[in-house]
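K.L.:
Take a look at the following structure, please.
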Amino acid sequence: MRIENLTVRYGAFTAVDDVTLEVPPGAIVGLVGESGSGKSTLARAVSGLVPYEGGIRGGGTVQMVFQDPYASLDPRMTVGASVGEGVRPRAEDGARLSRAGRRAEVERLLGLVSLPLELAGRYPRELSGGQRQRVAVARALGARPGVLVADEITSALDVSVQGAVLNLVRRLRDELGLSILFISHNLAVVRYVSDVVAVMRQGRLVEMGPTEKVVAAPEHEYTRELLDAVPRLAGRQDPARGLITG
Amino acid sequence: MTFSRRGGRGSFWRRRLVRFVVSLIALLLASFAMIHLIPGDPVRASLGPAAPAELVAARRAALGLDQPLPVQFAHYTRDLLSGNMGTSFLSGEPVTGVIAARLPNTLTLAVLAALLALAVAVPLGMWAGVRTENGRHRGTDVTFGSVTGTAVAVPEFLYSIALVSVFAIGLGWFPPAGRTGLTSWVLPILALAIGPTAMIARLSRVETQRELGTEYVRLARAKRLPAPRLYLRHVLPNTLTATLTVGGLLLTALIAGSVLVEYVFAWPGLGLKIVESITQKDYPVAQGVILVYGTIVLVVNLLVDVLLGWLDPTSDIREA
Amino acid sequence: MGRLIRRLPSSPAAVAGAVLVTLMVILAIIGPPIWGAAAERIDPAAILQGSSAAHPLGTDNLGRDLLARVLVAGRYSLTLALLAALIGAGAGIVLGALPSVLPRRAARLVTGTVNALVAFPGLLLAMFTAVIAGLGAKGAVLGIGAAIAPGFARLTQTMAASIAGADYVAAARMLGVSRARILVRHVLPNIAEPLILNLTQALGGALLGLAGMSFLGLGVQPPAFDWGRLLFDGFARIYVTPEVALGPALAVALAGIGFNLLGDALAKVASRTAVPGKLSVPVVPPEQGEPDPGAVLEVKDLSVTFPGGVQPVRELSLTVAPGEIVGLVGESGSGKSLTAAAVGGLVPYPGAVTSGRLRLCGADLGELPEAERRKLLGTSLAMVFQDPMASLNPALKVGGQLAEVSIVHQGASRADARRRAVDRLGHVHLPEPEKQARRHPHQLSGGMRQRAVIAMGLMGTPKLIIADEPTTALDVTVQRQILRLLREVTEETGSAALFISHDIAVVGELCDRVAVMYAGRVVEELPVEQLATGAAHPYTRALVASLPDMDTDRSGPLASIPGRQPSPGQVGAGCAFTDRCPLATARCAERPPLVTYGKAHRVACWEA
C-alpha cells in the first residue's frame, strides 16, 4: 500500500499534512509520534473513517484495530458474534458460507489469535483487556485485509500482557504475510515490532527509514529528541544519572 | 450548552445570535400560522353558528383574512413591529394593552419563585451531596431521594389547591385569590417554587458529588483546606454551570407553570388570560400571548447562555 | 429490562413506586366494571353535596357519587396518558433518528428544530397544539404528545450519535456491515434500555400534563371525564365543600408520584452496578518495635479494606528515608495508588484504612490531634496526581490555588501568599510566573500544569512528595522534563519522594529504591541498580523481561506473563502469583513473608 500526499483537515486545522508513506507487502511499518502529531488521524484516514485529500494505492482492504479494548467491542454482542461480523459471506471459491462454515471460520480466526473456542459464547465484560484486543484483531482478520492498521493497541494494556499482543502482531506478519501499519507513542514498542519506522510531528512525516537505521542514526533533530526521552531501565544501560545533568 | 473553542468566541456569539434571530422568525411564523391551521373558519368558530353572515364577512375583512397569505404575514409583521397585536374578539380591547397590563404580574411571580427555588435548593443540594458522598449516611440519602422525588412529581396546580385549601380557606392566613397586597404573593410563589426547588436540589446534589469526585478536589483535600473553603471556593463555582443551565430552563418552565397557578389563584397575569382566550376562542389574544411567552423563552435562553459564558473561565468572554 | 426489574425492590422509594403504579393499573382494569354504574347514577335528591356516609367525597351537580367517578376515571386518565406518551415517544424517536439517515443539511435543520423545541416548556407547546387541534381530549393528547416529543428526540439523537461514534461501530463500518444492519444490531440494542426507562417517566409526565390541561378546561370535555376534569368541577366548589376536590387531587398526585419514583428507581438500577456488601475491617495490633527515628515515612501493616471482603492493599510495610526517592511499581489493580491515598488520608468512603503504624515526619498520624494532623499533612506532604488536566480547579486562577496553602496553613497574608506562589511557580521553571499566576488552568499546557501542581506542593516545606503516576498522561519529551524537575526539587529541598508508576522503566530511571507491588502486597524491595539484572522475585523478573526497551532483542519473542492478577476481592491465602509463576511449588500455598535477601534487598518468595 502506498499513501500519497495525504492531507486531513478539520476546518482550519490541518491534522495530517501532505504525508507520503509506503507499507511494503509483508512488512510492519511503525508510526511513532506524540499526542497531536496526527498519527491516529492518519490511521483513521487510511481506514476510510475520516475524509482526506490525496491518494491511497493498492493494499487491498484495510482493517483497523483500536486503542481502547473496552470500547471497541459491542457490549451486547458475544465474542463469536463480533468476530462473525467480519467474516465474508462467501468463501474463497465463491460458494456461500453455510452456518457451519461460518462457525468454522470464527473458530479458525480465534485460533489465529490464540484464543480458546469456548470464549466465543462469552461477552466482552467477561474478558481481560488483552483478550479483548485479540478478539478485535480476529474480527479484523475475518475480512481478509491486505493491510492491518493497529492504532495504539497496547497502550491500554498492562506491560505483562503487552508482550503477548506484540508477539501476535509479529506472528501475523510472519505466518500470514500481513502488511501492518503499527501506530504507537512508545518508541521502544515500535522499534520492537517494526521493520520500518516513520516519525510524525505536528501532522508531518519528519523521518522514515529501516528501524535499525532510524534508531541507531537518526537524521532529524526531533527523532533524536524522542530517542533521548525514552526511559531506560537503570542497569540495562547507562542509567538515570544522565537525568540530572542532561 | 457547549462552548466550542474552535473558531473562537467571536464566532460563537455570532452563531448564538443567528440562532436567536432564526428562532424568533420561526416563532413569528408559528404564531402567524396558528390561526390559519385551525380547521374551518376561526371567525365563524369564534362568533358562533348563529352570527349573521355579514358580521362574519366584516370581521374577516377587518382582520385581513380575505387577503392572500403572504400579504397577511407582511401586515402581521408590520403591525407587530409598530406594537399592534390586533384586538380581542370578545372585548375589543387592543391585545398589546391587555398583555402590557398583565405581563409584569406573571414575570414578577415567576422570577421571585425562581429566586426562592435557587436560594433554597442550591445549599440544600450541596449539603445533601457532601453528606451522602460515596454512599455515606444512607438515611439522609433515602430521605432526600424520596422527599424530593415526591415533591418533583406533584404538579403545581395541586400545590396551589392544597395551599389554598389549608392556608386560605382553612386557616384564613392568606387571601385565597387575586392580587390584593403583599400577603397575596405568598401562596402563589410557594406553589410555583416547591417543585423546582426539589428538582434543583436533586441536580445540585448530583453536581456536587460529581465535583467531589474530581482530581482537583482530591488535590484540594490533600492540601487540607478547611471545609468552608473547599466547598464554597472549589466545589460551588463548578456546580453552578449545570445548575444555571437547568435554572434557565426552569425559569421558562415556571412561566408556563404560572398558567396553572394563576388559574387557581385568579391571579391577574398572562396565564389566566391565555386560558380564557383559548376556551372562548378569542384567537387574537391567544396568538399574542403565545407569541409573548415564546419570546420570553427565547430571551431567557439567550440570557442564560450569556451568563454561563461570563461565568465559565474557559469561554474567555470576560476578557473580551 | 428483565435485569432491571429483578433488581428493583432494593429501596423503599422503588417499592413505593412499583406498588403505586401496580395499583393504578389494577384500578384502570377493574374500575369501570365495578363502579361504572354508580358513577353515572343521577340522583336529583343529592346534588352538590359535601362528604357524607353515603358519598364519602360528596356528589356533583347531578348528584353522582364522586368517589365512584374518581375510581372510574382512572382508566380514561391512564389510557389518554399512555396514548400521549406513545405518540410523543414515537414522534420523538423518529425525529431523533432522522438526522442519522438524512443528508447533512436536512439533518442539521432537524437537529436545530429539536434543540429549539426542547427549550420550550411542554405546557406552551401543548396549548399551542390544542388551540389548533381544538378543545377536547384529542387536542390535549396531541398537545401533550407534542410536548413530550422534543425531549425524546434529543435523547435519541445524543444516544444514537454516541453509539455511532463508538469504536465498535467504526469497526463494523470498516467490515462493510450495512447501515441498516448497524442500526439494528449495534445502535438499537444499546439505546433501547434508556428509551424504555424514559418512557416510564414520560408516562408520568403525560398523566400530569393531561390532568393540567383538563383542569384548565382545555382537555377532556363533558360528558367524558378524567381526573383533571373532576378536579376542574371540584375546584369550582372549593370555597363551599373543599373535600370534593380531594379525590381527584389525590389520584393525580399518587399517580404522578408512582410513575416518578418507579422511573427514578429504574434509572438508578440501570446506572449502578456495584452492590456493596458488609465491611469487615481487620484488627491490626499496634506495632511493638521502636519507630525508626530517621524515617520520613514509616508504614507498618497498612491495609485498605472495602465492603464485601475486597482488600486492595494488604499488610503493606514501607519506609522512606529523608531525601530518598522510592518507586512503588505495579500493574493496574495492584493497590499502588490506594497505598498513596492511604498515606495521604484520601481513601474514599467506604474504604477503611488500618495500620500497625503510620508515621510521617516523626509524628504518629493516628495519635496526632486533628488540627495538627491537618497542618502536618497540608504543609509537609505534597501530592501530585496523574492527570494534570484535571488536577487544577478550572474555575480558579492558578496563583490563587497555590496561595491558599500559605493562607490556610501558615497564616500568611494574601499579598505574601501571592508573592510566594509566584516565586514557587518560577522555581519550577514556569516562564513568566507572574503572568501564569493570573491565568486559568485551561490556558496552560499539560506539562505546565503539572509543574504548577508541583509548585503547589512546594508552597509549604515538603518532607515527602507523593507522586501518583505524574507523567502517565504526558508525552515522553514532557515526561522527561517533569522527571528531571522532580529529581531537582528533591535534591534542592531535601524532600523525599514516593513515586508511583506502572512503568518500570520510568521508575528505574528516577528512583533510588523500588518496591514492587502485586495483588496488594509488596513482593520485592530492591535498590534500583539491581532492578534490571538482580531481581529475585519471579514476578519482578518477568515484568522486567516483558518490557521492551531500545536494546531488546528483536529476533526473539517478547516475554509475557500468562493469566491475570487476581482482583482485590479474590486474593487467596497463599502466594498471589502462584497461578502465573513458572517456579511455583506446593509450598506456595502458604504465603511467603517479605524477608531480607541481601543488602537493602527484600523479597517474598520461597523459590527466590
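Just so we're on the same page: first chain in the C-alpha cells is A, next is B, and so on; residues restart at 1 for each chain, and ligands are numbered from 1 in the order they show up.
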Skip Gly330 of chain C itself and residues of its chain fewer than 3 positions away, then list as an MDAnalysis selection string all residues within 10 Å of it, counting only C-alpha atoms.
P.N.:
(chainID A and resid 158:159) or (chainID C and resid 327 333:337 500:504 515:522 540 543)
K.L.:
Tell me as a list of chain:residue names which residues belonging to chain A come within 10 Å of chain B, counting only C-alpha atoms.
P.N.:
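Filtering chain A at 10 Å from chain B with only C-alpha atoms gives A:Gly11, A:Ala12, A:Phe13.
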K.L.:
Only C-alpha atoms, please: the residues just picked out, written as a compact mmCIF listing (two decimals), in the first residue's frame.
P.N.:
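Generated file (selection_12.txt):
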```txt
# COMPACT_ATOMS: atom_id res chain seq x y z
CA GLY A 11 -11.93 23.13 9.50
CA ALA A 12 -8.93 25.42 9.59
CA PHE A 13 -6.80 22.88 11.43
```
K.L.:
Set the cut-off to 7 Å and count only C-alpha atoms: what are the residues of chain C that reach chain A? Output as an NGL selection string.
P.N.:
:C and (166-168 or 174-175 or 186 or 331-332 or 475-477 or 480 or 484 or 505-506 or 508-510 or 528-530 or 532 or 543 or 546-550 or 554 or 557-561)
K.L.:
Which chain C residues are at most 6 Å from chain B (counting only C-alpha atoms), as a list in words?
P.N.:
Ala13, Pro121, Ile132, Ala253, Gly256, Ile257, Asn260, Tyr349, Arg374, Gly378, Ala390, Ser391, Leu392 and Asn393 of chain C
K.L.:
Output as an MDAnalysis selection string all residues of segment 66-222 of chain B that backbone DSSP marks as alpha helix (DSSP H).
P.N.:
chainID B and resid 69:81 95:131 138:153 156:163 183:212 215:222
K.L.:
Take the residues that were just selected and, keeping C-alpha atoms, output them as a compact mmCIF listing (two decimals), in the first residue's frame.
P.N.:
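Output contents, as saved in selection_15.txt:
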```txt
# COMPACT_ATOMS: atom_id res chain seq x y z
CA LEU B 69 -51.32 34.70 2.95
CA PRO B 70 -48.01 36.47 2.18
CA VAL B 71 -49.77 39.83 2.33
CA GLN B 72 -51.33 38.84 5.62
CA PHE B 73 -47.96 37.83 7.00
CA ALA B 74 -46.39 41.08 5.85
CA HIS B 75 -49.14 43.05 7.56
CA TYR B 76 -48.88 40.89 10.67
CA THR B 77 -45.16 41.55 10.93
CA ARG B 78 -45.52 45.23 10.18
CA ASP B 79 -48.23 45.62 12.80
CA LEU B 80 -46.18 43.74 15.36
CA LEU B 81 -43.20 46.00 14.80
CA VAL B 95 -54.18 42.93 22.64
CA THR B 96 -51.00 44.92 23.30
CA GLY B 97 -52.70 46.74 26.14
CA VAL B 98 -54.03 43.56 27.67
CA ILE B 99 -50.58 41.98 27.61
CA ALA B 100 -48.81 45.08 28.91
CA ALA B 101 -51.16 45.22 31.87
CA ARG B 102 -50.69 41.57 32.79
CA LEU B 103 -47.15 40.66 31.83
CA PRO B 104 -45.49 42.27 34.89
CA ASN B 105 -47.67 40.24 37.26
CA THR B 106 -46.64 36.98 35.60
CA LEU B 107 -42.96 37.82 35.26
CA THR B 108 -42.61 39.00 38.85
CA LEU B 109 -44.29 35.86 40.10
CA ALA B 110 -42.03 33.58 38.02
CA VAL B 111 -38.80 35.41 38.83
CA LEU B 112 -39.49 35.51 42.58
CA ALA B 113 -40.34 31.82 42.57
CA ALA B 114 -37.17 31.03 40.62
CA LEU B 115 -35.03 33.02 43.05
CA LEU B 116 -36.64 31.34 46.03
CA ALA B 117 -36.08 27.92 44.45
CA LEU B 118 -32.42 28.62 43.73
CA ALA B 119 -31.78 30.12 47.17
CA VAL B 120 -33.19 27.10 48.96
CA ALA B 121 -32.21 24.33 46.57
CA VAL B 122 -28.54 25.02 45.89
CA PRO B 123 -27.40 24.94 49.54
CA LEU B 124 -29.75 22.06 50.30
CA GLY B 125 -28.44 20.01 47.38
CA MET B 126 -24.83 20.77 48.27
CA TRP B 127 -25.38 19.78 51.86
CA ALA B 128 -27.01 16.52 50.83
CA GLY B 129 -24.30 15.90 48.24
CA VAL B 130 -21.49 16.30 50.76
CA ARG B 131 -23.27 14.30 53.42
CA ARG B 138 -27.84 6.07 53.84
CA GLY B 139 -30.67 7.50 55.91
CA THR B 140 -30.14 11.01 54.55
CA ASP B 141 -29.81 9.56 51.06
CA VAL B 142 -33.14 7.74 51.26
CA THR B 143 -34.96 10.66 52.89
CA PHE B 144 -33.62 13.22 50.48
CA GLY B 145 -34.35 10.99 47.50
CA SER B 146 -37.91 10.17 48.44
CA VAL B 147 -38.87 13.66 49.62
CA THR B 148 -37.53 15.42 46.54
CA GLY B 149 -38.71 12.60 44.27
CA THR B 150 -42.22 13.03 45.64
CA ALA B 151 -42.09 16.82 45.56
CA VAL B 152 -40.99 16.82 41.92
CA ALA B 153 -43.83 14.52 40.93
CA GLU B 156 -48.01 22.95 40.73
CA PHE B 157 -51.80 23.10 40.44
CA LEU B 158 -52.12 20.51 43.20
CA TYR B 159 -49.79 22.50 45.42
CA SER B 160 -51.91 25.53 44.65
CA ILE B 161 -55.14 23.80 45.57
CA ALA B 162 -53.62 22.32 48.72
CA LEU B 163 -52.20 25.67 49.84
CA THR B 183 -49.68 38.65 51.53
CA SER B 184 -51.40 37.65 48.32
CA TRP B 185 -47.99 36.86 46.79
CA VAL B 186 -47.01 34.23 49.34
CA LEU B 187 -49.14 31.26 48.30
CA PRO B 188 -48.71 31.60 44.51
CA ILE B 189 -44.93 31.91 44.88
CA LEU B 190 -44.78 28.89 47.18
CA ALA B 191 -47.00 26.81 44.91
CA LEU B 192 -44.83 27.66 41.96
CA ALA B 193 -41.49 27.16 43.72
CA ILE B 194 -41.87 23.82 45.53
CA GLY B 195 -41.45 21.55 42.50
CA PRO B 196 -38.48 23.45 41.02
CA THR B 197 -36.83 23.59 44.44
CA ALA B 198 -36.91 19.82 44.68
CA MET B 199 -35.66 19.48 41.15
CA ILE B 200 -32.73 21.88 41.52
CA ALA B 201 -31.82 20.36 44.86
CA ARG B 202 -31.51 16.96 43.20
CA LEU B 203 -29.44 18.39 40.41
CA SER B 204 -27.27 20.36 42.80
CA ARG B 205 -26.59 17.18 44.77
CA VAL B 206 -25.61 15.22 41.66
CA GLU B 207 -23.35 18.04 40.51
CA THR B 208 -21.76 18.40 43.94
CA GLN B 209 -20.96 14.72 44.05
CA ARG B 210 -19.51 14.82 40.57
CA GLU B 211 -17.27 17.67 41.67
CA LEU B 212 -16.24 15.85 44.83
CA GLU B 215 -8.99 15.12 40.82
CA TYR B 216 -8.72 18.80 41.69
CA VAL B 217 -11.00 18.39 44.68
CA ARG B 218 -8.88 15.41 45.70
CA LEU B 219 -5.83 17.62 45.46
CA ALA B 220 -7.60 20.39 47.40
CA ARG B 221 -8.37 17.81 50.07
CA ALA B 222 -4.75 16.71 50.05
```
K.L.:
B:Leu291, B:Val304, B:Met85, B:Ala227: which is nearest Leu240 of chain B, counting only C-alpha atoms?
P.N.:
B:Val304
